[in-house]
Amino acid sequence: MKIILIILIIAQAIYSQAVISVDEDLSSNKDKSLILSIVSSAVLPGAGHYYLGNKSRAAAFFWVDASLWLATGITYSYADNQLENARGYAVRYAGAEGAPKDLVFLTVVGNYRSRGGSMYQNSSPDNDEDYNQMMIRAGLPIDAEYPYGYGYIWDWGSSDNPETTARMEKYKEMLRRHRIAKIAFQVSLGAMALNRVLAVFDAVRIYRKTSANFSYLNITPIATPQYSGIFVNYGF
């Protein structure tokens with residue numbers, strides 16, 4: 001009888017020292033909407049994380065997206081500026097008045113010295129210098145691709161003049177910079193889309209981690225010279 005009484009006293013002493021720990025993070029978002037966190041992350045990366053209470057990751061996704069928006073705006077503006085500069089340069093030095101701001105057409109302007117303009121200026125003209133001659137040799141009307149009229153006629157000048165050739169090279173460099181900036185712009189758009197996909201997946205991961213609707217109980221005995229008891233970890 002005394003032995004049983006001693007055991008009961010010891011058990012009472014042990015349980016009176018129990019440490020109960022509840023992990024509130026496991027259920028902090030159980031009443032929140034997964035759909036809302038996904039949609040907000042897709043629209044604005046970081047918004048879903050902010051909604052779920054994870055402000056540090058929200059800030060990270062937000063600043064990445066802000067940087068990508070800035071890069072997208074800069075590359076788009078630069079690409080458009082270079083194309084407009086090239087068109088203006090062709091108007092000034094090749095007489096391409098009214099030329100459309102179209103990359104395909106402006107590339108043709110850079111590939112051919114003239115369109116029916118310089119064949120009488122060169123002492124030894126190249127067969128590929130004149131756009132109209134190229135079309136005729138191909139068995140096509142000279143206006144098969146572009147109308148032969150205002151806005152579609154140009155003449156960089158004689159190839160006997162090194163200055164006109166240098167101008168054409170400078171013009172082609174403008175178009176090259178436009179193409180590079182356009183590629184950078186497209187990469188920025190792709191990165192923005194990828195950032196949204198990552199934000200959605202990460203928001204789902206956080207939601208699943210912090211919206212547990214089940215319970216569990218872990219009991220760990222603790223015995224040291226200074227302290228005896230049990231550690232209870234209860235999650236819900």
# chains A, B, ... in the order shown; residues from 1 in each chain; ligands from 1

$ select_by_dssp --residues "range 55-216 of chain A" --states "alpha helix (DSSP H)" --output "PyMOL selection string"
chain A and resi 55-94+103-111+131-137+162-210

$ closest_residue --among "A:Phe185, A:Asn195, A:His178, A:Leu52" --to "Asp31 in chain A" --atoms "only C-alpha atoms"
A:Leu52

$ residues_around --residues "Glu84 in chain A" --least-positions-apart "5" --cutoff "10 Å" --atoms "only C-alpha atoms" --output "JSON, numbers by chain"
{"A": [78, 79, 89, 90, 100, 101, 102, 103, 174, 175, 178]}

$ write_last_selection --atoms "C-alpha atoms" --output "mmCIF file, in the first residue's frame"
data_model
loop_
_atom_site.group_PDB
_atom_site.id
_atom_site.type_symbol
_atom_site.label_atom_id
_atom_site.label_comp_id
_atom_site.auth_asym_id
_atom_site.auth_seq_id
_atom_site.Cartn_x
_atom_site.Cartn_y
_atom_site.Cartn_z
ATOM 1 C CA TYR A 78 14.893 51.773 -75.019
ATOM 2 C CA ALA A 79 13.841 49.376 -77.789
ATOM 3 C CA TYR A 89 18.003 58.574 -89.265
ATOM 4 C CA ALA A 90 16.707 56.956 -92.460
ATOM 5 C CA PRO A 100 6.589 53.418 -91.109
ATOM 6 C CA LYS A 101 8.126 52.503 -87.766
ATOM 7 C CA ASP A 102 8.158 48.848 -88.755
ATOM 8 C CA LEU A 103 11.215 46.716 -87.986
ATOM 9 C CA MET A 174 20.581 51.247 -84.209
ATOM 10 C CA LEU A 175 18.441 48.372 -85.434
ATOM 11 C CA HIS A 178 16.644 47.677 -80.888
#

$ residues_around --residues "Tyr146 in chain A" --least-positions-apart "5" --cutoff "12 Å" --atoms "only C-alpha atoms" --output "JSON, numbers by chain"
{"A": [99, 100, 102, 104, 105, 106, 108, 109, 115, 131, 132, 135, 140, 141, 151, 152, 153]}

$ closest_residue --among "A:Gly53, A:Ala86, A:Ala59, A:Ser40" --to "Ser27 in chain A" --atoms "only C-alpha atoms"
A:Gly53

$ residues_around --residues "Thr75 in chain A" --least-positions-apart "5" --cutoff "7 Å" --atoms "only C-alpha atoms" --output "list of chain:residue names"
A:Ala181, A:Lys182, A:Ala184, A:Phe185

$ closest_atom_pairs --of "range 50-133 of chain A" --to "range 186-190 of chain A" --cutoff "12 Å" --atoms "only C-alpha atoms" --output "CSV"
residue,atom,partner,partner_atom,distance
A:Val64,CA,A:Ser188,CA,11.3
A:Asp65,CA,A:Ser188,CA,10.1
A:Ala66,CA,A:Ser188,CA,11.4
A:Ser67,CA,A:Ser188,CA,9.6
A:Leu68,CA,A:Ser188,CA,6.1
A:Trp69,CA,A:Ser188,CA,7.8
A:Leu70,CA,A:Ser188,CA,9.3
A:Ala71,CA,A:Ser188,CA,6.6
A:Thr72,CA,A:Ser188,CA,5.4
A:Gly73,CA,A:Ser188,CA,9.1
A:Ile74,CA,A:Ser188,CA,10.1
A:Thr75,CA,A:Ser188,CA,8.4
A:Tyr76,CA,A:Gln186,CA,8.9
A:Ala79,CA,A:Gln186,CA,11.0

$ write_last_selection --atoms "N, CA and C atoms" --output "PDB file, in the first residue's frame"
ATOM      1  N   VAL A  64      11.238  41.830 -55.902  1.00  0.00           N
ATOM      2  CA  VAL A  64      11.644  41.173 -57.158  1.00  0.00           C
ATOM      3  C   VAL A  64      10.712  41.590 -58.286  1.00  0.00           C
ATOM      4  N   ASP A  65       9.409  41.601 -58.008  1.00  0.00           N
ATOM      5  CA  ASP A  65       8.447  41.975 -59.042  1.00  0.00           C
ATOM      6  C   ASP A  65       8.601  43.446 -59.423  1.00  0.00           C
ATOM      7  N   ALA A  66       8.844  44.302 -58.433  1.00  0.00           N
ATOM      8  CA  ALA A  66       9.042  45.721 -58.723  1.00  0.00           C
ATOM      9  C   ALA A  66      10.269  45.931 -59.606  1.00  0.00           C
ATOM     10  N   SER A  67      11.331  45.180 -59.325  1.00  0.00           N
ATOM     11  CA  SER A  67      12.550  45.278 -60.137  1.00  0.00           C
ATOM     12  C   SER A  67      12.298  44.814 -61.563  1.00  0.00           C
ATOM     13  N   LEU A  68      11.510  43.750 -61.708  1.00  0.00           N
ATOM     14  CA  LEU A  68      11.200  43.244 -63.049  1.00  0.00           C
ATOM     15  C   LEU A  68      10.316  44.220 -63.824  1.00  0.00           C
ATOM     16  N   TRP A  69       9.370  44.865 -63.123  1.00  0.00           N
ATOM     17  CA  TRP A  69       8.560  45.893 -63.783  1.00  0.00           C
ATOM     18  C   TRP A  69       9.450  47.032 -64.281  1.00  0.00           C
ATOM     19  N   LEU A  70      10.413  47.432 -63.458  1.00  0.00           N
ATOM     20  CA  LEU A  70      11.329  48.509 -63.850  1.00  0.00           C
ATOM     21  C   LEU A  70      12.162  48.093 -65.057  1.00  0.00           C
ATOM     22  N   ALA A  71      12.693  46.875 -65.030  1.00  0.00           N
ATOM     23  CA  ALA A  71      13.494  46.378 -66.152  1.00  0.00           C
ATOM     24  C   ALA A  71      12.663  46.281 -67.419  1.00  0.00           C
ATOM     25  N   THR A  72      11.417  45.839 -67.277  1.00  0.00           N
ATOM     26  CA  THR A  72      10.528  45.725 -68.437  1.00  0.00           C
ATOM     27  C   THR A  72      10.255  47.094 -69.045  1.00  0.00           C
ATOM     28  N   GLY A  73       9.986  48.066 -68.192  1.00  0.00           N
ATOM     29  CA  GLY A  73       9.716  49.408 -68.691  1.00  0.00           C
ATOM     30  C   GLY A  73      10.926  50.025 -69.374  1.00  0.00           C
ATOM     31  N   ILE A  74      12.099  49.837 -68.778  1.00  0.00           N
ATOM     32  CA  ILE A  74      13.325  50.413 -69.352  1.00  0.00           C
ATOM     33  C   ILE A  74      13.649  49.780 -70.697  1.00  0.00           C
ATOM     34  N   THR A  75      13.593  48.453 -70.768  1.00  0.00           N
ATOM     35  CA  THR A  75      13.943  47.779 -72.026  1.00  0.00           C
ATOM     36  C   THR A  75      12.931  48.083 -73.132  1.00  0.00           C
ATOM     37  N   TYR A  76      11.654  48.172 -72.769  1.00  0.00           N
ATOM     38  CA  TYR A  76      10.640  48.515 -73.780  1.00  0.00           C
ATOM     39  C   TYR A  76      10.871  49.928 -74.309  1.00  0.00           C
ATOM     40  N   ALA A  79      14.059  50.019 -76.484  1.00  0.00           N
ATOM     41  CA  ALA A  79      13.841  49.376 -77.789  1.00  0.00           C
ATOM     42  C   ALA A  79      13.024  50.279 -78.705  1.00  0.00           C
TER      43      ALA A  79
END

$ closest_residue --among "A:Ile35, A:Ala94, A:Ala60, A:Leu83" --to "Thr165 in chain A" --atoms "only C-alpha atoms"
A:Ala94

$ atom_distance --atom1 "CA of Trp63 in chain A" --atom2 "CA of Gly46 in chain A"
8.7 Å

$ residues_around --residues "Ala166 in chain A" --least-positions-apart "4" --cutoff "12 Å" --atoms "only C-alpha atoms" --output "ChimeraX atom specification"
/A:93,110,113,156-162,170-173

$ write_last_selection --atoms "N, CA and C atoms" --output "short mmCIF file (atom, residue, chain, number, x, y, z; two decimals), in the first residue's frame"
data_model
loop_
_atom_site.label_atom_id
_atom_site.label_comp_id
_atom_site.auth_asym_id
_atom_site.auth_seq_id
_atom_site.Cartn_x
_atom_site.Cartn_y
_atom_site.Cartn_z
N TYR A 93 18.96 60.85 -93.69
CA TYR A 93 20.10 60.56 -94.56
C TYR A 93 19.77 59.70 -95.78
N GLY A 110 17.90 49.10 -94.51
CA GLY A 110 19.31 48.97 -94.20
C GLY A 110 20.04 47.94 -95.05
N ARG A 113 20.85 49.75 -100.55
CA ARG A 113 21.28 51.14 -100.58
C ARG A 113 20.19 52.07 -101.06
N TRP A 156 20.36 55.92 -99.87
CA TRP A 156 21.47 56.29 -98.99
C TRP A 156 22.58 57.01 -99.74
N GLY A 157 22.58 56.94 -101.05
CA GLY A 157 23.62 57.58 -101.84
C GLY A 157 24.60 56.58 -102.43
N SER A 158 25.49 57.08 -103.21
CA SER A 158 26.43 56.24 -103.93
C SER A 158 27.37 55.48 -103.00
N SER A 159 27.65 54.23 -103.36
CA SER A 159 28.60 53.43 -102.60
C SER A 159 30.03 53.90 -102.83
N ASP A 160 30.24 54.80 -103.84
CA ASP A 160 31.56 55.37 -104.06
C ASP A 160 31.94 56.35 -102.94
N ASN A 161 30.96 56.76 -102.16
CA ASN A 161 31.19 57.71 -101.07
C ASN A 161 31.26 56.94 -99.76
N PRO A 162 32.44 56.87 -99.11
CA PRO A 162 32.56 56.12 -97.85
C PRO A 162 31.63 56.64 -96.75
N LYS A 170 25.93 52.74 -89.28
CA LYS A 170 25.42 53.33 -88.05
C LYS A 170 23.92 53.04 -87.91
N TYR A 171 23.22 53.12 -89.02
CA TYR A 171 21.78 52.82 -89.04
C TYR A 171 21.53 51.37 -88.65
N LYS A 172 22.31 50.45 -89.18
CA LYS A 172 22.15 49.04 -88.84
C LYS A 172 22.45 48.78 -87.36
N GLU A 173 23.39 49.55 -86.79
CA GLU A 173 23.71 49.40 -85.38
C GLU A 173 22.53 49.81 -84.51
#

$ residues_around --residues "Pro45 in chain A" --least-positions-apart "4" --cutoff "8 Å" --atoms "only C-alpha atoms" --output "list in words"
Ser40, Ser41, Ala58, Phe61, Phe62, Asp65, Asn195, Arg196, Ala199 and Val200 of chain A
